[in-house]
$ cat my_file_36.pdb   # PDB, C-alpha atoms, pLDDT in the B column
ATOM      1  CA  MET E   1     130.282  71.040 114.734  1.00 78.00           C
ATOM      2  CA  VAL E   2     130.163  73.502 111.870  1.00 89.00           C
ATOM      3  CA  ALA E   3     129.595  72.644 108.239  1.00 95.00           C
ATOM      4  CA  GLN E   4     132.441  73.808 106.040  1.00 96.00           C
ATOM      5  CA  TYR E   5     132.019  74.976 102.461  1.00 95.00           C
ATOM      6  CA  THR E   6     134.747  75.544  99.900  1.00 96.00           C
ATOM      7  CA  ILE E   7     134.417  78.992  98.337  1.00 94.00           C
ATOM      8  CA  PHE E   8     137.132  80.252  95.998  1.00 96.00           C
ATOM      9  CA  GLY E   9     139.446  77.514  97.239  1.00 96.00           C
ATOM     10  CA  ARG E  10     139.063  78.347 100.968  1.00 96.00           C
ATOM     11  CA  GLN E  11     137.132  76.580 103.688  1.00 96.00           C
ATOM     12  CA  VAL E  12     134.408  78.831 105.122  1.00 96.00           C
ATOM     13  CA  GLY E  13     132.169  77.955 108.032  1.00 96.00           C
ATOM     14  CA  SER E  14     128.395  78.067 107.698  1.00 96.00           C
ATOM     15  CA  HIS E  15     128.122  80.579 110.539  1.00 96.00           C
ATOM     16  CA  ILE E  16     130.375  82.994 108.622  1.00 96.00           C
ATOM     17  CA  LEU E  17     128.232  82.608 105.512  1.00 96.00           C
ATOM     18  CA  SER E  18     125.038  83.273 107.470  1.00 97.00           C
ATOM     19  CA  MET E  19     126.489  86.404 109.126  1.00 97.00           C
ATOM     20  CA  ALA E  20     127.688  87.717 105.762  1.00 97.00           C
ATOM     21  CA  THR E  21     124.275  87.056 104.198  1.00 97.00           C
ATOM     22  CA  LEU E  22     122.393  88.830 106.989  1.00 98.00           C
ATOM     23  CA  GLY E  23     124.848  91.748 107.017  1.00 98.00           C
ATOM     24  CA  THR E  24     124.498  92.209 103.274  1.00 98.00           C
ATOM     25  CA  LEU E  25     120.710  91.984 103.520  1.00 98.00           C
ATOM     26  CA  PHE E  26     120.416  94.604 106.278  1.00 97.00           C
ATOM     27  CA  ALA E  27     122.991  96.960 104.758  1.00 97.00           C
ATOM     28  CA  GLY E  28     121.359  96.729 101.330  1.00 95.00           C
ATOM     29  CA  SER E  29     117.920  97.347 102.813  1.00 95.00           C
ATOM     30  CA  ALA E  30     119.131 100.378 104.760  1.00 94.00           C
ATOM     31  CA  ILE E  31     120.715 101.880 101.660  1.00 92.00           C
ATOM     32  CA  ALA E  32     117.682 101.154  99.479  1.00 92.00           C
ATOM     33  CA  LEU E  33     115.185 102.577 101.963  1.00 91.00           C
ATOM     34  CA  SER E  34     117.147 105.707 102.848  1.00 88.00           C
ATOM     35  CA  GLY E  35     116.358 107.429  99.544  1.00 79.00           C
ATOM     36  CA  GLU E  36     117.350 110.948  98.691  1.00 79.00           C
ATOM     37  CA  LYS E  37     117.234 113.754 101.192  1.00 75.00           C
ATOM     38  CA  LYS E  38     114.461 116.230 100.538  1.00 73.00           C
ATOM     39  CA  ALA E  39     115.574 119.735  99.794  1.00 68.00           C
ATOM     40  CA  LYS E  40     114.251 122.253 102.259  1.00 70.00           C
ATOM     41  CA  GLU E  41     111.195 123.955 100.839  1.00 71.00           C
ATOM     42  CA  GLN E  42     111.783 127.532  99.887  1.00 74.00           C
ATOM     43  CA  GLY E  43     108.891 129.925 100.050  1.00 74.00           C
ATOM     44  CA  PRO E  44     108.436 133.030  97.970  1.00 77.00           C
ATOM     45  CA  PRO E  45     110.899 135.864  98.549  1.00 81.00           C
ATOM     46  CA  ILE E  46     110.112 138.318 101.326  1.00 81.00           C
ATOM     47  CA  ASN E  47     109.733 141.832  99.939  1.00 85.00           C
ATOM     48  CA  ALA E  48     109.890 143.828 103.157  1.00 86.00           C
ATOM     49  CA  GLN E  49     110.275 147.589 103.389  1.00 89.00           C
ATOM     50  CA  SER E  50     112.649 147.390 106.375  1.00 91.00           C
ATOM     51  CA  THR E  51     114.767 144.876 108.245  1.00 91.00           C
ATOM     52  CA  GLU E  52     112.330 144.997 111.191  1.00 93.00           C
ATOM     53  CA  GLU E  53     109.445 144.009 108.929  1.00 93.00           C
ATOM     54  CA  GLU E  54     111.502 141.184 107.430  1.00 91.00           C
ATOM     55  CA  GLN E  55     112.429 139.913 110.902  1.00 93.00           C
ATOM     56  CA  PHE E  56     108.755 140.049 111.961  1.00 93.00           C
ATOM     57  CA  ILE E  57     107.714 137.982 108.938  1.00 91.00           C
ATOM     58  CA  GLN E  58     110.464 135.402 109.529  1.00 90.00           C
ATOM     59  CA  ASP E  59     109.478 135.064 113.207  1.00 93.00           C
ATOM     60  CA  PHE E  60     105.837 134.647 112.208  1.00 93.00           C
ATOM     61  CA  ILE E  61     106.752 131.875 109.751  1.00 90.00           C
ATOM     62  CA  LYS E  62     108.854 130.086 112.399  1.00 91.00           C
ATOM     63  CA  ASN E  63     105.990 130.224 114.909  1.00 93.00           C
ATOM     64  CA  ALA E  64     103.491 128.994 112.334  1.00 91.00           C
ATOM     65  CA  ASN E  65     105.747 126.060 111.426  1.00 89.00           C
ATOM     66  CA  ALA E  66     106.261 125.193 115.108  1.00 90.00           C
ATOM     67  CA  GLU E  67     102.497 125.167 115.724  1.00 90.00           C
ATOM     68  CA  GLU E  68     102.001 123.003 112.645  1.00 87.00           C
ATOM     69  CA  GLN E  69     104.571 120.494 113.934  1.00 85.00           C
ATOM     70  CA  LYS E  70     102.833 120.382 117.325  1.00 86.00           C
ATOM     71  CA  ALA E  71      99.508 119.717 115.622  1.00 84.00           C
ATOM     72  CA  LYS E  72     101.002 116.798 113.685  1.00 76.00           C
ATOM     73  CA  HIS E  73     102.271 115.103 116.852  1.00 72.00           C
TER      74      HIS E  73
END

$ encode --input "my_file_36.pdb" --output "C-alpha coordinates"
Amino acid sequence: MVAQYTIFGRQVGSHILSMATLGTLFAGSAIALSGEKKAKEQGPPINAQSTEEEQFIQDFIKNANAEEQKAKH
(Lines of atoms letter the chains of each structure in order from A and count residues from 1; the text may use other names and numbers.)
(Lines give C-alpha, C1' and ligand atoms only; values in the text may rest on other atoms or scores of the structure.)
Protein backbone atom coordinates (compact mmCIF):
# COMPACT_ATOMS: atom_id res chain seq x y z
CA MET A 1 0.00 0.00 0.00
CA VAL A 2 1.35 3.39 -0.99
CA ALA A 3 0.90 6.60 0.94
CA GLN A 4 -0.79 9.27 -1.14
CA TYR A 5 -0.09 12.98 -0.80
CA THR A 6 -2.10 15.83 -2.27
CA ILE A 7 0.16 18.21 -4.19
CA PHE A 8 -1.38 21.03 -6.21
CA GLY A 9 -4.76 19.33 -5.97
CA ARG A 10 -3.57 15.93 -7.31
CA GLN A 11 -2.92 12.68 -5.51
CA VAL A 12 0.74 11.65 -5.82
CA GLY A 13 2.21 8.42 -4.53
CA SER A 14 5.17 8.43 -2.15
CA HIS A 15 7.23 6.34 -4.56
CA ILE A 16 6.81 9.02 -7.25
CA LEU A 17 7.92 11.71 -4.82
CA SER A 18 11.00 9.72 -3.81
CA MET A 19 12.00 9.08 -7.45
CA ALA A 20 11.56 12.76 -8.29
CA THR A 21 13.64 13.78 -5.26
CA LEU A 22 16.48 11.40 -6.10
CA GLY A 23 16.41 12.36 -9.79
CA THR A 24 16.60 16.04 -8.94
CA LEU A 25 19.41 15.41 -6.47
CA PHE A 26 21.55 13.42 -8.92
CA ALA A 27 20.89 15.73 -11.87
CA GLY A 28 21.66 18.82 -9.79
CA SER A 29 24.86 17.24 -8.47
CA ALA A 30 26.01 16.28 -11.96
CA ILE A 31 25.42 19.79 -13.25
CA ALA A 32 27.10 21.42 -10.25
CA LEU A 33 30.16 19.19 -10.37
CA SER A 34 30.69 19.33 -14.13
CA GLY A 35 32.06 22.89 -14.04
CA GLU A 36 33.41 24.72 -17.03
CA LYS A 37 35.50 23.04 -19.66
CA LYS A 38 39.13 24.07 -19.57
CA ALA A 39 40.39 25.81 -22.65
CA LYS A 40 43.24 23.98 -24.31
CA GLU A 41 46.53 25.52 -23.27
CA GLN A 42 48.22 27.42 -26.02
CA GLY A 43 51.97 27.63 -26.01
CA PRO A 44 54.06 30.41 -27.46
CA PRO A 45 53.99 30.81 -31.24
CA ILE A 46 56.41 28.72 -33.27
CA ASN A 47 58.76 30.94 -35.25
CA ALA A 48 60.21 28.38 -37.65
CA GLN A 49 62.29 29.18 -40.71
CA SER A 50 60.62 26.47 -42.83
CA THR A 51 57.60 24.21 -42.79
CA GLU A 52 59.85 21.19 -42.12
CA GLU A 53 61.24 22.85 -38.99
CA GLU A 54 57.73 23.73 -37.82
CA GLN A 55 56.56 20.14 -38.37
CA PHE A 56 59.59 18.83 -36.44
CA ILE A 57 58.80 21.10 -33.49
CA GLN A 58 55.12 20.10 -33.47
CA ASP A 59 56.03 16.39 -33.56
CA PHE A 60 58.49 16.92 -30.71
CA ILE A 61 55.80 18.63 -28.61
CA LYS A 62 53.32 15.81 -29.30
CA ASN A 63 55.87 13.18 -28.25
CA ALA A 64 56.77 15.10 -25.12
CA ASN A 65 53.10 15.41 -24.14
CA ALA A 66 52.53 11.69 -24.78
CA GLU A 67 55.48 10.75 -22.56
CA GLU A 68 54.21 13.10 -19.86
CA GLN A 69 50.77 11.43 -19.97
CA LYS A 70 52.38 7.99 -19.67
CA ALA A 71 54.37 9.15 -16.66
CA LYS A 72 51.19 10.38 -14.95
CA HIS A 73 49.46 7.01 -15.32

$ residues_around --input "my_file_36.pdb" --residues "Gln4 in chain E" --least-positions-apart "6" --cutoff "6 Å" --atoms "all atoms listed in the file" --output "list in words"
Gln11, Val12 and Gly13 of chain E

$ atom_distance --input "my_file_36.pdb" --atom1 "CA of Ser14 in chain E" --atom2 "CA of Val2 in chain E"
6.4 Å

$ atom_distance --input "my_file_36.pdb" --atom1 "CA of Thr51 in chain E" --atom2 "CA of Lys70 in chain E"
28.7 Å

$ axis_aligned_box --input "my_file_36.pdb" --around "range 10-20 of chain E" --padding-each-side "3 Å" --output "JSON"
{"center_x": 132.1, "center_y": 82.1, "center_z": 105.8, "size_x": 20.0, "size_y": 17.1, "size_z": 15.6}

$ atom_distance --input "my_file_36.pdb" --atom1 "CA of Glu41 in chain E" --atom2 "CA of Asn65 in chain E"
12.1 Å

$ closest_residue --input "my_file_36.pdb" --among "E:Gly43, E:His15, E:Ala71, E:Ile7" --to "Gln58 in chain E" --atoms "only C-alpha atoms"
E:Gly43

$ build_atoms --input "my_file_36.pdb" --residues "range 48-70 of chain E" --atoms "N, CA and C atoms" --output "PDB file, keeping the file's coordinate frame"
ATOM      1  N   ALA E  48     110.189 142.955 102.025  1.00 86.00           N
ATOM      2  CA  ALA E  48     109.890 143.828 103.157  1.00 86.00           C
ATOM      3  C   ALA E  48     110.467 145.218 102.913  1.00 86.00           C
ATOM      4  N   GLN E  49     109.815 146.197 103.515  1.00 89.00           N
ATOM      5  CA  GLN E  49     110.275 147.589 103.389  1.00 89.00           C
ATOM      6  C   GLN E  49     111.471 147.868 104.293  1.00 89.00           C
ATOM      7  N   SER E  50     111.551 147.148 105.442  1.00 91.00           N
ATOM      8  CA  SER E  50     112.649 147.390 106.375  1.00 91.00           C
ATOM      9  C   SER E  50     113.115 146.054 106.949  1.00 91.00           C
ATOM     10  N   THR E  51     114.247 146.098 107.635  1.00 91.00           N
ATOM     11  CA  THR E  51     114.767 144.876 108.245  1.00 91.00           C
ATOM     12  C   THR E  51     113.876 144.414 109.392  1.00 91.00           C
ATOM     13  N   GLU E  52     113.240 145.365 110.100  1.00 93.00           N
ATOM     14  CA  GLU E  52     112.330 144.997 111.191  1.00 93.00           C
ATOM     15  C   GLU E  52     111.129 144.222 110.659  1.00 93.00           C
ATOM     16  N   GLU E  53     110.593 144.689 109.530  1.00 93.00           N
ATOM     17  CA  GLU E  53     109.445 144.009 108.929  1.00 93.00           C
ATOM     18  C   GLU E  53     109.838 142.608 108.466  1.00 93.00           C
ATOM     19  N   GLU E  54     111.021 142.485 107.876  1.00 91.00           N
ATOM     20  CA  GLU E  54     111.502 141.184 107.430  1.00 91.00           C
ATOM     21  C   GLU E  54     111.675 140.229 108.610  1.00 91.00           C
ATOM     22  N   GLN E  55     112.241 140.736 109.706  1.00 93.00           N
ATOM     23  CA  GLN E  55     112.429 139.913 110.902  1.00 93.00           C
ATOM     24  C   GLN E  55     111.079 139.474 111.470  1.00 93.00           C
ATOM     25  N   PHE E  56     110.093 140.376 111.469  1.00 93.00           N
ATOM     26  CA  PHE E  56     108.755 140.049 111.961  1.00 93.00           C
ATOM     27  C   PHE E  56     108.143 138.921 111.128  1.00 93.00           C
ATOM     28  N   ILE E  57     108.279 139.009 109.820  1.00 91.00           N
ATOM     29  CA  ILE E  57     107.714 137.982 108.938  1.00 91.00           C
ATOM     30  C   ILE E  57     108.407 136.641 109.168  1.00 91.00           C
ATOM     31  N   GLN E  58     109.734 136.645 109.296  1.00 90.00           N
ATOM     32  CA  GLN E  58     110.464 135.402 109.529  1.00 90.00           C
ATOM     33  C   GLN E  58     110.079 134.771 110.857  1.00 90.00           C
ATOM     34  N   ASP E  59     109.914 135.590 111.909  1.00 93.00           N
ATOM     35  CA  ASP E  59     109.478 135.064 113.207  1.00 93.00           C
ATOM     36  C   ASP E  59     108.078 134.471 113.115  1.00 93.00           C
ATOM     37  N   PHE E  60     107.196 135.142 112.382  1.00 93.00           N
ATOM     38  CA  PHE E  60     105.837 134.647 112.208  1.00 93.00           C
ATOM     39  C   PHE E  60     105.846 133.290 111.516  1.00 93.00           C
ATOM     40  N   ILE E  61     106.665 133.144 110.487  1.00 90.00           N
ATOM     41  CA  ILE E  61     106.752 131.875 109.751  1.00 90.00           C
ATOM     42  C   ILE E  61     107.288 130.777 110.664  1.00 90.00           C
ATOM     43  N   LYS E  62     108.307 131.079 111.473  1.00 91.00           N
ATOM     44  CA  LYS E  62     108.854 130.086 112.399  1.00 91.00           C
ATOM     45  C   LYS E  62     107.799 129.628 113.391  1.00 91.00           C
ATOM     46  N   ASN E  63     107.044 130.577 113.952  1.00 93.00           N
ATOM     47  CA  ASN E  63     105.990 130.224 114.909  1.00 93.00           C
ATOM     48  C   ASN E  63     104.896 129.392 114.254  1.00 93.00           C
ATOM     49  N   ALA E  64     104.530 129.742 113.038  1.00 91.00           N
ATOM     50  CA  ALA E  64     103.491 128.994 112.334  1.00 91.00           C
ATOM     51  C   ALA E  64     103.953 127.563 112.066  1.00 91.00           C
ATOM     52  N   ASN E  65     105.217 127.400 111.678  1.00 89.00           N
ATOM     53  CA  ASN E  65     105.747 126.060 111.426  1.00 89.00           C
ATOM     54  C   ASN E  65     105.823 125.245 112.712  1.00 89.00           C
ATOM     55  N   ALA E  66     106.181 125.898 113.829  1.00 90.00           N
ATOM     56  CA  ALA E  66     106.261 125.193 115.108  1.00 90.00           C
ATOM     57  C   ALA E  66     104.884 124.723 115.541  1.00 90.00           C
ATOM     58  N   GLU E  67     103.862 125.562 115.377  1.00 90.00           N
ATOM     59  CA  GLU E  67     102.497 125.167 115.724  1.00 90.00           C
ATOM     60  C   GLU E  67     102.009 124.034 114.838  1.00 90.00           C
ATOM     61  N   GLU E  68     102.386 124.065 113.579  1.00 87.00           N
ATOM     62  CA  GLU E  68     102.001 123.003 112.645  1.00 87.00           C
ATOM     63  C   GLU E  68     102.639 121.677 113.052  1.00 87.00           C
ATOM     64  N   GLN E  69     103.900 121.715 113.481  1.00 85.00           N
ATOM     65  CA  GLN E  69     104.571 120.494 113.934  1.00 85.00           C
ATOM     66  C   GLN E  69     103.916 119.944 115.190  1.00 85.00           C
ATOM     67  N   LYS E  70     103.512 120.828 116.122  1.00 86.00           N
ATOM     68  CA  LYS E  70     102.833 120.382 117.325  1.00 86.00           C
ATOM     69  C   LYS E  70     101.516 119.727 116.985  1.00 86.00           C
TER      70      LYS E  70
END
